[in-house]
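To keep things clear, I will list the structure first and then write my remarks on it.
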Amino acid sequence: MSINLSNKIALVTGASRGIGRAIALKFAEAEATVIVHYNKNREAAEETLTRLKNGRHFIVQADLTDAQSTKKMVDSVLSQADRIDILINNAGMYEEAQIIDSTYDEWQAIWNKTLQTNLIGPANLIFLLARNMIDHGGGKIINISSRGAFRGEPDAPCYGASKAGLNAMSQSLAKALAPHKIFVYVIAPGFVETDMARPILQGIHGQEIRNQSPMGRVARPSEVANTALFLASEGIDFLTGCIIDVNGASYLRT
């Protein structure tokens with residue numbers, strides 16, 4: 001995919017591994033300056049950084065469930081880069097909590113943690129960076145959602161709800177920010193070959209999951225990264241508000 005992002009600065013959250021790392025690598029190949037965010041795994045973030053080409057990339061840390069930690073990170077980013085052209089909200093979590101088997105305390109805890117990570121964190125980051133984007137003539141925001149927002153997640157309803165909320169927020173902000181030349185897009189993958197998904201894919205349901213797609217496999221991180229690269233490219237502003245499924249026809253919406 002020959003897309004050039006030279007002179008663009010991209011912040012990728014959750015870039016220490018998986019989809020986030022694949023996006024960071026792809027954007028660096030396209031000559032963007034990439035800011036690699038991590039929460040706890042600095043060693044993995046440094047590994048991502050060492051693999052990035054073409055630019056003065058750097059690492060930042062924040063717990064995105066903590067509003068003050070998020071603001072501190074943004075202040076640090078803008079002191080080093082002065083602007084952000086592209087924000088990739090990739091950091092997220094999946095944890096099961098079945099309504100029948102959970103205690104009330106467990107239910108409260110997982111809902112709070114999941115919503116803070118998958119929805120409130122991205123909302124805060126967009127709030128903090130939108131003003132900077134406006135001051136510099138616009139920007140792009142790409143939020144990583146999930147097919148679980150549409151098909152339902154009976155074992156992890158908090159996850160499905162958080163991603164559905166992310167979709168709705170993205171479309172609301174696409175309307176709010178378009179007059180300021182900030183365009184908001186969503187990518188909704190199905191299962192992806194990542195460290196987080198590996199135990200499930202190697203488990204007893206792995207083949208069943210792969211067979212959900214007529215291609216007989218799950219997505220590769222590079223396929224999600226290629227979609228993000230396309231959305232970050234020039235000339236597609238009118239796609240703002242879109243939700244792009246990357247699930248190999250494993251779940252089809254009409």
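Labels used: A, B, ... for chains in the order of the structure tokens, numbers from 1 for residues in each chain, and numbers from 1 for ligands as shown.
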| Arg217 in chain A surroundings by only C-alpha atoms, 10 Å radius, close-in-sequence under 2 positions cut, as a VMD selection string | chain A and resid 191 to 193 206 to 215 219 to 220 247 to 248 250
List every residue of range 2-87 of chain A that has an atom at most 10 Å from any atom of range 221-230 of chain A, giving for each one its closest atom pair and the distance in Å to one decimal, counting only C-alpha atoms, sorted by chain and then by ascending residue number, as JSON lines.
```
{"residue": "A:Ser2", "atom": "CA", "partner": "A:Phe230", "partner_atom": "CA", "distance": 9.6}
{"residue": "A:Ile3", "atom": "CA", "partner": "A:Leu229", "partner_atom": "CA", "distance": 7.4}
{"residue": "A:Asn4", "atom": "CA", "partner": "A:Leu229", "partner_atom": "CA", "distance": 9.3}
{"residue": "A:Leu5", "atom": "CA", "partner": "A:Leu229", "partner_atom": "CA", "distance": 8.9}
{"residue": "A:Arg17", "atom": "CA", "partner": "A:Pro221", "partner_atom": "CA", "distance": 9.9}
{"residue": "A:Gly18", "atom": "CA", "partner": "A:Pro221", "partner_atom": "CA", "distance": 6.5}
{"residue": "A:Ile19", "atom": "CA", "partner": "A:Pro221", "partner_atom": "CA", "distance": 5.0}
{"residue": "A:Gly20", "atom": "CA", "partner": "A:Ala225", "partner_atom": "CA", "distance": 8.1}
{"residue": "A:Arg21", "atom": "CA", "partner": "A:Pro221", "partner_atom": "CA", "distance": 8.5}
{"residue": "A:Ala22", "atom": "CA", "partner": "A:Ser222", "partner_atom": "CA", "distance": 5.7}
{"residue": "A:Ile23", "atom": "CA", "partner": "A:Ala225", "partner_atom": "CA", "distance": 4.5}
{"residue": "A:Ala24", "atom": "CA", "partner": "A:Ala225", "partner_atom": "CA", "distance": 8.1}
{"residue": "A:Leu25", "atom": "CA", "partner": "A:Ala225", "partner_atom": "CA", "distance": 8.5}
{"residue": "A:Lys26", "atom": "CA", "partner": "A:Ala225", "partner_atom": "CA", "distance": 6.4}
{"residue": "A:Phe27", "atom": "CA", "partner": "A:Leu229", "partner_atom": "CA", "distance": 6.6}
{"residue": "A:Ala30", "atom": "CA", "partner": "A:Leu229", "partner_atom": "CA", "distance": 8.4}
```
Grab the residues selected above and save them as an mmCIF file, in the first residue's frame with N, CA and C atoms.
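Written out: out_23.cif:
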```
data_model
loop_
_atom_site.group_PDB
_atom_site.id
_atom_site.type_symbol
_atom_site.label_atom_id
_atom_site.label_comp_id
_atom_site.auth_asym_id
_atom_site.auth_seq_id
_atom_site.Cartn_x
_atom_site.Cartn_y
_atom_site.Cartn_z
ATOM 1 N N SER A 2 0.917 1.996 -1.101
ATOM 2 C CA SER A 2 1.832 3.123 -1.204
ATOM 3 C C SER A 2 1.138 4.414 -0.799
ATOM 4 N N ILE A 3 1.109 4.657 0.495
ATOM 5 C CA ILE A 3 0.557 5.882 1.079
ATOM 6 C C ILE A 3 1.682 6.559 1.827
ATOM 7 N N ASN A 4 1.828 7.851 1.624
ATOM 8 C CA ASN A 4 2.907 8.596 2.268
ATOM 9 C C ASN A 4 2.334 9.517 3.337
ATOM 10 N N LEU A 5 2.848 9.374 4.557
ATOM 11 C CA LEU A 5 2.407 10.205 5.682
ATOM 12 C C LEU A 5 3.545 11.071 6.202
ATOM 13 N N ARG A 17 2.210 -3.821 21.534
ATOM 14 C CA ARG A 17 2.062 -5.151 20.941
ATOM 15 C C ARG A 17 0.805 -5.192 20.084
ATOM 16 N N GLY A 18 0.572 -6.339 19.451
ATOM 17 C CA GLY A 18 -0.676 -6.600 18.747
ATOM 18 C C GLY A 18 -1.007 -5.615 17.651
ATOM 19 N N ILE A 19 -2.288 -5.255 17.589
ATOM 20 C CA ILE A 19 -2.774 -4.346 16.551
ATOM 21 C C ILE A 19 -2.060 -3.005 16.640
ATOM 22 N N GLY A 20 -1.876 -2.505 17.853
ATOM 23 C CA GLY A 20 -1.219 -1.208 18.012
ATOM 24 C C GLY A 20 0.187 -1.198 17.458
ATOM 25 N N ARG A 21 0.940 -2.267 17.733
ATOM 26 C CA ARG A 21 2.302 -2.347 17.184
ATOM 27 C C ARG A 21 2.257 -2.416 15.661
ATOM 28 N N ALA A 22 1.348 -3.194 15.103
ATOM 29 C CA ALA A 22 1.247 -3.316 13.648
ATOM 30 C C ALA A 22 0.930 -1.958 13.013
ATOM 31 N N ILE A 23 0.047 -1.195 13.644
ATOM 32 C CA ILE A 23 -0.283 0.137 13.128
ATOM 33 C C ILE A 23 0.927 1.054 13.215
ATOM 34 N N ALA A 24 1.633 1.023 14.347
ATOM 35 C CA ALA A 24 2.819 1.861 14.499
ATOM 36 C C ALA A 24 3.853 1.538 13.417
ATOM 37 N N LEU A 25 4.085 0.256 13.166
ATOM 38 C CA LEU A 25 5.050 -0.144 12.145
ATOM 39 C C LEU A 25 4.620 0.327 10.760
ATOM 40 N N LYS A 26 3.349 0.154 10.473
ATOM 41 C CA LYS A 26 2.843 0.522 9.152
ATOM 42 C C LYS A 26 2.939 2.038 8.936
ATOM 43 N N PHE A 27 2.611 2.812 9.959
ATOM 44 C CA PHE A 27 2.672 4.270 9.828
ATOM 45 C C PHE A 27 4.116 4.752 9.696
ATOM 46 N N ALA A 30 5.265 4.386 6.322
ATOM 47 C CA ALA A 30 4.695 5.440 5.474
ATOM 48 C C ALA A 30 5.282 6.810 5.806
#
```
Hey, what's within 9 Å of range 175-183 of chain A if we count only C-alpha atoms and toss same-chain stuff fewer than 4 positions away? As a PDB file with N, CA and C atoms, in the first residue's frame, please?
```
ATOM      1  N   ALA A 130      -8.402  17.287  20.461  1.00  0.00           N
ATOM      2  CA  ALA A 130      -9.197  17.949  19.420  1.00  0.00           C
ATOM      3  C   ALA A 130      -8.856  19.431  19.321  1.00  0.00           C
ATOM      4  N   MET A 133      -5.720  19.824  17.407  1.00  0.00           N
ATOM      5  CA  MET A 133      -5.961  19.598  15.985  1.00  0.00           C
ATOM      6  C   MET A 133      -6.622  20.806  15.340  1.00  0.00           C
ATOM      7  N   ILE A 134      -7.584  21.390  16.027  1.00  0.00           N
ATOM      8  CA  ILE A 134      -8.260  22.581  15.497  1.00  0.00           C
ATOM      9  C   ILE A 134      -7.246  23.705  15.290  1.00  0.00           C
ATOM     10  N   GLY A 137      -5.258  23.193  12.088  1.00  0.00           N
ATOM     11  CA  GLY A 137      -5.948  23.064  10.811  1.00  0.00           C
ATOM     12  C   GLY A 137      -6.685  21.767  10.581  1.00  0.00           C
ATOM     13  N   GLY A 138      -6.778  20.903  11.606  1.00  0.00           N
ATOM     14  CA  GLY A 138      -7.548  19.673  11.454  1.00  0.00           C
ATOM     15  C   GLY A 138      -6.749  18.440  11.814  1.00  0.00           C
ATOM     16  N   GLY A 139      -7.365  17.287  11.608  1.00  0.00           N
ATOM     17  CA  GLY A 139      -6.690  16.033  11.931  1.00  0.00           C
ATOM     18  C   GLY A 139      -7.600  14.850  11.688  1.00  0.00           C
ATOM     19  N   LYS A 140      -7.110  13.686  12.071  1.00  0.00           N
ATOM     20  CA  LYS A 140      -7.868  12.450  11.895  1.00  0.00           C
ATOM     21  C   LYS A 140      -7.841  11.646  13.191  1.00  0.00           C
ATOM     22  N   ILE A 141      -8.975  11.040  13.500  1.00  0.00           N
ATOM     23  CA  ILE A 141      -9.110  10.184  14.670  1.00  0.00           C
ATOM     24  C   ILE A 141      -9.631   8.839  14.188  1.00  0.00           C
ATOM     25  N   ILE A 142      -8.914   7.777  14.533  1.00  0.00           N
ATOM     26  CA  ILE A 142      -9.301   6.423  14.128  1.00  0.00           C
ATOM     27  C   ILE A 142      -9.456   5.590  15.395  1.00  0.00           C
ATOM     28  N   SER A 170     -18.032   7.899  18.335  1.00  0.00           N
ATOM     29  CA  SER A 170     -17.280   8.259  17.126  1.00  0.00           C
ATOM     30  C   SER A 170     -18.171   8.948  16.107  1.00  0.00           C
ATOM     31  N   GLN A 171     -19.369   8.430  15.918  1.00  0.00           N
ATOM     32  CA  GLN A 171     -20.271   9.025  14.928  1.00  0.00           C
ATOM     33  C   GLN A 171     -20.794  10.379  15.391  1.00  0.00           C
ATOM     34  N   ASP A 237     -11.899  12.306   3.200  1.00  0.00           N
ATOM     35  CA  ASP A 237     -12.570  13.009   4.296  1.00  0.00           C
ATOM     36  C   ASP A 237     -14.059  12.678   4.368  1.00  0.00           C
ATOM     37  N   PHE A 238     -14.678  12.419   3.227  1.00  0.00           N
ATOM     38  CA  PHE A 238     -16.126  12.205   3.202  1.00  0.00           C
ATOM     39  C   PHE A 238     -16.519  10.856   3.797  1.00  0.00           C
ATOM     40  N   LEU A 239     -15.542  10.045   4.152  1.00  0.00           N
ATOM     41  CA  LEU A 239     -15.830   8.803   4.879  1.00  0.00           C
ATOM     42  C   LEU A 239     -16.020   9.038   6.373  1.00  0.00           C
ATOM     43  N   THR A 240     -15.887  10.277   6.829  1.00  0.00           N
ATOM     44  CA  THR A 240     -15.999  10.523   8.265  1.00  0.00           C
ATOM     45  C   THR A 240     -17.310   9.972   8.813  1.00  0.00           C
ATOM     46  N   GLY A 241     -17.221   9.347   9.987  1.00  0.00           N
ATOM     47  CA  GLY A 241     -18.381   8.705  10.591  1.00  0.00           C
ATOM     48  C   GLY A 241     -18.552   7.255  10.207  1.00  0.00           C
TER      49      GLY A 241
END
```
Go through range 18-63 of chain A residue by residue and, counting only C-alpha atoms, keep those with an atom at most 7 Å from range 71-81 of chain A; for each kept residue give the shortest atom pair and its distance in Å to one decimal, ordered by chain and increasing number, as a tab-separated table.
```
residue	atom	partner	partner_atom	distance
A:Val60	CA	A:Met73	CA	6.7
A:Gln61	CA	A:Met73	CA	6.6
A:Ala62	CA	A:Met73	CA	5.9
```
| Got a sec: who's within 7 Å of Arg147 in chain A, counting only C-alpha atoms, leaving out chain neighbours fewer than 2 positions off, as a PyMOL selection string? | chain A and resi 149-151+188-190
Since we have the selection now, will you write its residues out, keeping N, CA and C atoms, as a PDB file, in the first residue's frame?
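Output (out.pdb):
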```pdb
ATOM      1  N   ALA A 149     -19.500  -5.213  19.074  1.00  0.00           N
ATOM      2  CA  ALA A 149     -20.449  -4.124  19.274  1.00  0.00           C
ATOM      3  C   ALA A 149     -21.774  -4.406  18.593  1.00  0.00           C
ATOM      4  N   PHE A 150     -21.768  -5.268  17.573  1.00  0.00           N
ATOM      5  CA  PHE A 150     -22.959  -5.537  16.769  1.00  0.00           C
ATOM      6  C   PHE A 150     -23.571  -6.904  17.043  1.00  0.00           C
ATOM      7  N   ARG A 151     -22.739  -7.903  17.236  1.00  0.00           N
ATOM      8  CA  ARG A 151     -23.262  -9.268  17.298  1.00  0.00           C
ATOM      9  C   ARG A 151     -23.643  -9.690  18.714  1.00  0.00           C
ATOM     10  N   ALA A 188     -13.736  -1.916  12.937  1.00  0.00           N
ATOM     11  CA  ALA A 188     -14.351  -2.934  13.797  1.00  0.00           C
ATOM     12  C   ALA A 188     -13.866  -4.316  13.381  1.00  0.00           C
ATOM     13  N   PRO A 189     -12.762  -4.788  13.950  1.00  0.00           N
ATOM     14  CA  PRO A 189     -12.276  -6.126  13.597  1.00  0.00           C
ATOM     15  C   PRO A 189     -13.073  -7.227  14.286  1.00  0.00           C
ATOM     16  N   GLY A 190     -12.956  -8.427  13.732  1.00  0.00           N
ATOM     17  CA  GLY A 190     -13.336  -9.621  14.467  1.00  0.00           C
ATOM     18  C   GLY A 190     -12.100 -10.103  15.220  1.00  0.00           C
TER      19      GLY A 190
END
```
| task | Once DSSP has gone over the backbone, tell me which residues of range 61-127 of chain A are in helix (DSSP H, G or I), as number ranges by chain. | result | A: 67-81, 104-127
May I have the selected residues written with N, CA and C atoms, as a compact mmCIF listing (two decimals), in the first residue's frame?
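So result-v8.txt came out as:
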```txt
# COMPACT_ATOMS: atom_id res chain seq x y z
N ALA A 67 -7.88 9.97 34.31
CA ALA A 67 -8.00 11.22 33.54
C ALA A 67 -6.76 12.10 33.70
N GLN A 68 -6.19 12.14 34.90
CA GLN A 68 -5.02 13.00 35.11
C GLN A 68 -3.78 12.41 34.46
N SER A 69 -3.65 11.10 34.48
CA SER A 69 -2.54 10.46 33.78
C SER A 69 -2.62 10.71 32.28
N THR A 70 -3.84 10.67 31.75
CA THR A 70 -4.05 10.95 30.33
C THR A 70 -3.65 12.37 29.99
N LYS A 71 -4.06 13.32 30.83
CA LYS A 71 -3.71 14.73 30.57
C LYS A 71 -2.21 14.96 30.67
N LYS A 72 -1.58 14.33 31.65
CA LYS A 72 -0.13 14.46 31.79
C LYS A 72 0.58 13.94 30.55
N MET A 73 0.09 12.82 29.99
CA MET A 73 0.68 12.27 28.78
C MET A 73 0.53 13.23 27.61
N VAL A 74 -0.67 13.78 27.44
CA VAL A 74 -0.91 14.71 26.35
C VAL A 74 0.00 15.93 26.47
N ASP A 75 0.15 16.45 27.68
CA ASP A 75 1.05 17.59 27.88
C ASP A 75 2.48 17.23 27.49
N SER A 76 2.90 16.01 27.84
CA SER A 76 4.25 15.56 27.48
C SER A 76 4.40 15.42 25.97
N VAL A 77 3.39 14.83 25.33
CA VAL A 77 3.42 14.65 23.87
C VAL A 77 3.55 16.00 23.17
N LEU A 78 2.72 16.95 23.58
CA LEU A 78 2.70 18.24 22.89
C LEU A 78 3.93 19.08 23.20
N SER A 79 4.61 18.79 24.30
CA SER A 79 5.85 19.49 24.58
C SER A 79 6.98 18.98 23.68
N GLN A 80 6.83 17.74 23.21
CA GLN A 80 7.86 17.15 22.35
C GLN A 80 7.52 17.24 20.86
N ALA A 81 6.24 17.22 20.54
CA ALA A 81 5.85 17.16 19.13
C ALA A 81 5.05 18.37 18.66
N TYR A 104 -22.13 -9.52 42.53
CA TYR A 104 -22.45 -8.11 42.23
C TYR A 104 -21.20 -7.25 42.27
N ASP A 105 -20.30 -7.50 43.22
CA ASP A 105 -19.05 -6.74 43.29
C ASP A 105 -18.19 -6.98 42.05
N GLU A 106 -18.11 -8.24 41.62
CA GLU A 106 -17.35 -8.54 40.40
C GLU A 106 -17.96 -7.85 39.19
N TRP A 107 -19.28 -7.87 39.12
CA TRP A 107 -20.00 -7.21 38.01
C TRP A 107 -19.69 -5.73 37.95
N GLN A 108 -19.77 -5.06 39.11
CA GLN A 108 -19.46 -3.64 39.16
C GLN A 108 -18.03 -3.36 38.74
N ALA A 109 -17.12 -4.17 39.24
CA ALA A 109 -15.70 -3.94 38.96
C ALA A 109 -15.37 -4.07 37.48
N ILE A 110 -15.87 -5.12 36.84
CA ILE A 110 -15.52 -5.34 35.44
C ILE A 110 -16.16 -4.31 34.53
N TRP A 111 -17.41 -3.90 34.84
CA TRP A 111 -18.04 -2.86 34.05
C TRP A 111 -17.29 -1.54 34.16
N ASN A 112 -16.93 -1.16 35.38
CA ASN A 112 -16.20 0.10 35.55
C ASN A 112 -14.87 0.07 34.83
N LYS A 113 -14.13 -1.03 34.99
CA LYS A 113 -12.80 -1.13 34.37
C LYS A 113 -12.90 -1.12 32.85
N THR A 114 -13.85 -1.86 32.31
CA THR A 114 -13.97 -1.97 30.85
C THR A 114 -14.42 -0.65 30.24
N LEU A 115 -15.41 -0.02 30.83
CA LEU A 115 -15.89 1.25 30.28
C LEU A 115 -14.82 2.34 30.38
N GLN A 116 -14.09 2.36 31.48
CA GLN A 116 -13.01 3.35 31.61
C GLN A 116 -11.94 3.13 30.55
N THR A 117 -11.61 1.87 30.28
CA THR A 117 -10.55 1.56 29.32
C THR A 117 -10.99 1.77 27.88
N ASN A 118 -12.14 1.22 27.52
CA ASN A 118 -12.55 1.14 26.12
C ASN A 118 -13.36 2.34 25.64
N LEU A 119 -13.91 3.10 26.55
CA LEU A 119 -14.78 4.21 26.14
C LEU A 119 -14.38 5.55 26.74
N ILE A 120 -14.28 5.62 28.06
CA ILE A 120 -13.98 6.90 28.71
C ILE A 120 -12.56 7.35 28.38
N GLY A 121 -11.62 6.41 28.37
CA GLY A 121 -10.24 6.77 28.01
C GLY A 121 -10.13 7.40 26.64
N PRO A 122 -10.67 6.76 25.59
CA PRO A 122 -10.65 7.39 24.27
C PRO A 122 -11.39 8.73 24.24
N ALA A 123 -12.50 8.83 24.96
CA ALA A 123 -13.25 10.10 24.99
C ALA A 123 -12.39 11.21 25.57
N ASN A 124 -11.67 10.92 26.66
CA ASN A 124 -10.81 11.93 27.26
C ASN A 124 -9.67 12.33 26.34
N LEU A 125 -9.09 11.36 25.69
CA LEU A 125 -7.97 11.64 24.79
C LEU A 125 -8.42 12.49 23.60
N ILE A 126 -9.58 12.18 23.06
CA ILE A 126 -10.11 12.99 21.96
C ILE A 126 -10.38 14.42 22.44
N PHE A 127 -10.98 14.55 23.61
CA PHE A 127 -11.25 15.89 24.16
C PHE A 127 -9.97 16.70 24.25
```
| task | For Thr50 in chain A, work out the shell of residues within 12 Å, counting only C-alpha atoms and skipping chain neighbours fewer than 5 positions away, then give it as JSON, numbers by chain. | result | {"A": [16, 21, 24, 25, 28, 34, 36, 43, 44, 45, 55, 56, 57, 58, 59]}
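Selecting strand (DSSP E or B) from the backbone DSSP output for range 53-253 of chain A yields A:Phe58, A:Ile59, A:Val60, A:Gln61, A:Ile86, A:Leu87, A:Ile88, A:Asn89, A:Gly139, A:Lys140, A:Ile141, A:Ile142, A:Asn143, A:Ile144, A:Ile182, A:Phe183, A:Val184, A:Tyr185, A:Val186, A:Ile187, A:Ala188, A:Pro189, A:Val192, A:Ala219, A:Ile243, A:Ile244, A:Asp245, A:Val246.
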Would you save the residues from that selection as a JSON list (two decimals), in the first residue's frame, using N, CA and C atoms?
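selection.json, written as the output of this step:
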```
[["chain", "number", "residue", "atom", "x", "y", "z"],
["A", 58, "PHE", "N", 9.04, 8.33, 19.40],
["A", 58, "PHE", "CA", 9.32, 8.24, 20.83],
["A", 58, "PHE", "C", 8.17, 7.57, 21.57],
["A", 59, "ILE", "N", 8.44, 7.25, 22.84],
["A", 59, "ILE", "CA", 7.51, 6.51, 23.69],
["A", 59, "ILE", "C", 6.90, 7.44, 24.73],
["A", 60, "VAL", "N", 5.62, 7.19, 25.06],
["A", 60, "VAL", "CA", 4.97, 7.86, 26.18],
["A", 60, "VAL", "C", 4.20, 6.83, 27.00],
["A", 61, "GLN", "N", 4.03, 7.12, 28.27],
["A", 61, "GLN", "CA", 3.31, 6.21, 29.16],
["A", 61, "GLN", "C", 2.11, 6.92, 29.76],
["A", 86, "ILE", "N", -2.76, 12.68, 13.72],
["A", 86, "ILE", "CA", -3.55, 11.45, 13.66],
["A", 86, "ILE", "C", -3.54, 10.81, 15.05],
["A", 87, "LEU", "N", -4.72, 10.52, 15.56],
["A", 87, "LEU", "CA", -4.86, 9.80, 16.82],
["A", 87, "LEU", "C", -5.47, 8.44, 16.55],
["A", 88, "ILE", "N", -4.79, 7.39, 16.99],
["A", 88, "ILE", "CA", -5.32, 6.03, 16.88],
["A", 88, "ILE", "C", -5.66, 5.55, 18.29],
["A", 89, "ASN", "N", -6.94, 5.46, 18.60],
["A", 89, "ASN", "CA", -7.38, 4.94, 19.89],
["A", 89, "ASN", "C", -7.50, 3.42, 19.77],
["A", 139, "GLY", "N", -7.36, 17.29, 11.61],
["A", 139, "GLY", "CA", -6.69, 16.03, 11.93],
["A", 139, "GLY", "C", -7.60, 14.85, 11.69],
["A", 140, "LYS", "N", -7.11, 13.69, 12.07],
["A", 140, "LYS", "CA", -7.87, 12.45, 11.89],
["A", 140, "LYS", "C", -7.84, 11.65, 13.19],
["A", 141, "ILE", "N", -8.98, 11.04, 13.50],
["A", 141, "ILE", "CA", -9.11, 10.18, 14.67],
["A", 141, "ILE", "C", -9.63, 8.84, 14.19],
["A", 142, "ILE", "N", -8.91, 7.78, 14.53],
["A", 142, "ILE", "CA", -9.30, 6.42, 14.13],
["A", 142, "ILE", "C", -9.46, 5.59, 15.39],
["A", 143, "ASN", "N", -10.67, 5.15, 15.66],
["A", 143, "ASN", "CA", -10.97, 4.37, 16.85],
["A", 143, "ASN", "C", -11.10, 2.89, 16.50],
["A", 144, "ILE", "N", -10.46, 2.03, 17.30],
["A", 144, "ILE", "CA", -10.51, 0.60, 17.05],
["A", 144, "ILE", "C", -11.62, 0.00, 17.91],
["A", 182, "ILE", "N", -11.71, 17.94, 11.34],
["A", 182, "ILE", "CA", -11.27, 16.75, 12.05],
["A", 182, "ILE", "C", -12.22, 15.63, 11.68],
["A", 183, "PHE", "N", -11.67, 14.54, 11.18],
["A", 183, "PHE", "CA", -12.48, 13.45, 10.63],
["A", 183, "PHE", "C", -12.29, 12.20, 11.49],
["A", 184, "VAL", "N", -13.40, 11.55, 11.79],
["A", 184, "VAL", "CA", -13.42, 10.45, 12.76],
["A", 184, "VAL", "C", -13.88, 9.17, 12.08],
["A", 185, "TYR", "N", -13.09, 8.12, 12.24],
["A", 185, "TYR", "CA", -13.38, 6.84, 11.61],
["A", 185, "TYR", "C", -13.30, 5.72, 12.64],
["A", 186, "VAL", "N", -13.94, 4.61, 12.34],
["A", 186, "VAL", "CA", -13.91, 3.44, 13.22],
["A", 186, "VAL", "C", -13.55, 2.20, 12.41],
["A", 187, "ILE", "N", -12.69, 1.37, 12.99],
["A", 187, "ILE", "CA", -12.40, 0.05, 12.44],
["A", 187, "ILE", "C", -12.95, -0.98, 13.43],
["A", 188, "ALA", "N", -13.74, -1.92, 12.94],
["A", 188, "ALA", "CA", -14.35, -2.93, 13.80],
["A", 188, "ALA", "C", -13.87, -4.32, 13.38],
["A", 189, "PRO", "N", -12.76, -4.79, 13.95],
["A", 189, "PRO", "CA", -12.28, -6.13, 13.60],
["A", 189, "PRO", "C", -13.07, -7.23, 14.29],
["A", 192, "VAL", "N", -8.43, -11.28, 15.84],
["A", 192, "VAL", "CA", -7.17, -10.95, 15.19],
["A", 192, "VAL", "C", -6.07, -11.77, 15.85],
["A", 219, "ALA", "N", -8.24, -12.46, 11.28],
["A", 219, "ALA", "CA", -7.48, -11.37, 10.67],
["A", 219, "ALA", "C", -6.04, -11.37, 11.16],
["A", 243, "ILE", "N", -17.90, 3.16, 9.85],
["A", 243, "ILE", "CA", -17.42, 2.02, 10.64],
["A", 243, "ILE", "C", -17.07, 0.92, 9.64],
["A", 244, "ILE", "N", -15.79, 0.59, 9.56],
["A", 244, "ILE", "CA", -15.32, -0.39, 8.58],
["A", 244, "ILE", "C", -15.11, -1.73, 9.28],
["A", 245, "ASP", "N", -15.82, -2.75, 8.80],
["A", 245, "ASP", "CA", -15.68, -4.10, 9.34],
["A", 245, "ASP", "C", -14.45, -4.78, 8.74],
["A", 246, "VAL", "N", -13.62, -5.35, 9.61],
["A", 246, "VAL", "CA", -12.47, -6.14, 9.16],
["A", 246, "VAL", "C", -12.60, -7.50, 9.85]]
```
| task | Find the spatial neighbours of Gly148 in chain A, counting only C-alpha atoms, within a cut-off of 8 Å - ignore same-chain residues fewer than 2 positions away - and output them as a ChimeraX atom specification. | result | /A:146,150-153,159-160,163-164,190
Using N, CA and C atoms, can you write the selected residues to a file as a compact mmCIF listing (two decimals), in the first residue's frame?
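The resulting file, again-v4.txt, is shown below:
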```txt
# COMPACT_ATOMS: atom_id res chain seq x y z
N SER A 146 -14.95 -3.18 17.52
CA SER A 146 -15.03 -4.64 17.44
C SER A 146 -16.35 -5.06 16.82
N PHE A 150 -21.77 -5.27 17.57
CA PHE A 150 -22.96 -5.54 16.77
C PHE A 150 -23.57 -6.90 17.04
N ARG A 151 -22.74 -7.90 17.24
CA ARG A 151 -23.26 -9.27 17.30
C ARG A 151 -23.64 -9.69 18.71
N GLY A 152 -23.21 -8.91 19.72
CA GLY A 152 -23.47 -9.28 21.10
C GLY A 152 -22.35 -10.13 21.67
N GLU A 153 -22.05 -9.93 22.94
CA GLU A 153 -20.99 -10.67 23.62
C GLU A 153 -21.57 -11.24 24.92
N TYR A 159 -17.85 -5.64 27.46
CA TYR A 159 -16.99 -5.39 26.29
C TYR A 159 -17.83 -4.96 25.09
N GLY A 160 -18.89 -5.74 24.79
CA GLY A 160 -19.76 -5.39 23.67
C GLY A 160 -20.36 -4.01 23.84
N LYS A 163 -17.76 -1.18 23.27
CA LYS A 163 -17.43 -0.96 21.87
C LYS A 163 -18.61 -0.34 21.10
N ALA A 164 -19.82 -0.71 21.48
CA ALA A 164 -20.99 -0.05 20.88
C ALA A 164 -21.00 1.43 21.26
N GLY A 190 -12.96 -8.43 13.73
CA GLY A 190 -13.34 -9.62 14.47
C GLY A 190 -12.10 -10.10 15.22
```
| query | How many Å lie between CA of Ile9 in chain A and CA of Ala168 in chain A, rounded to one decimal? | reply | 26.0 Å
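Among the candidates A:Glu95, A:Asp66, A:Asp135, A:Glu234, the residue lying nearest to Ala197 in chain A is A:Glu95 (atoms considered: only C-alpha atoms).
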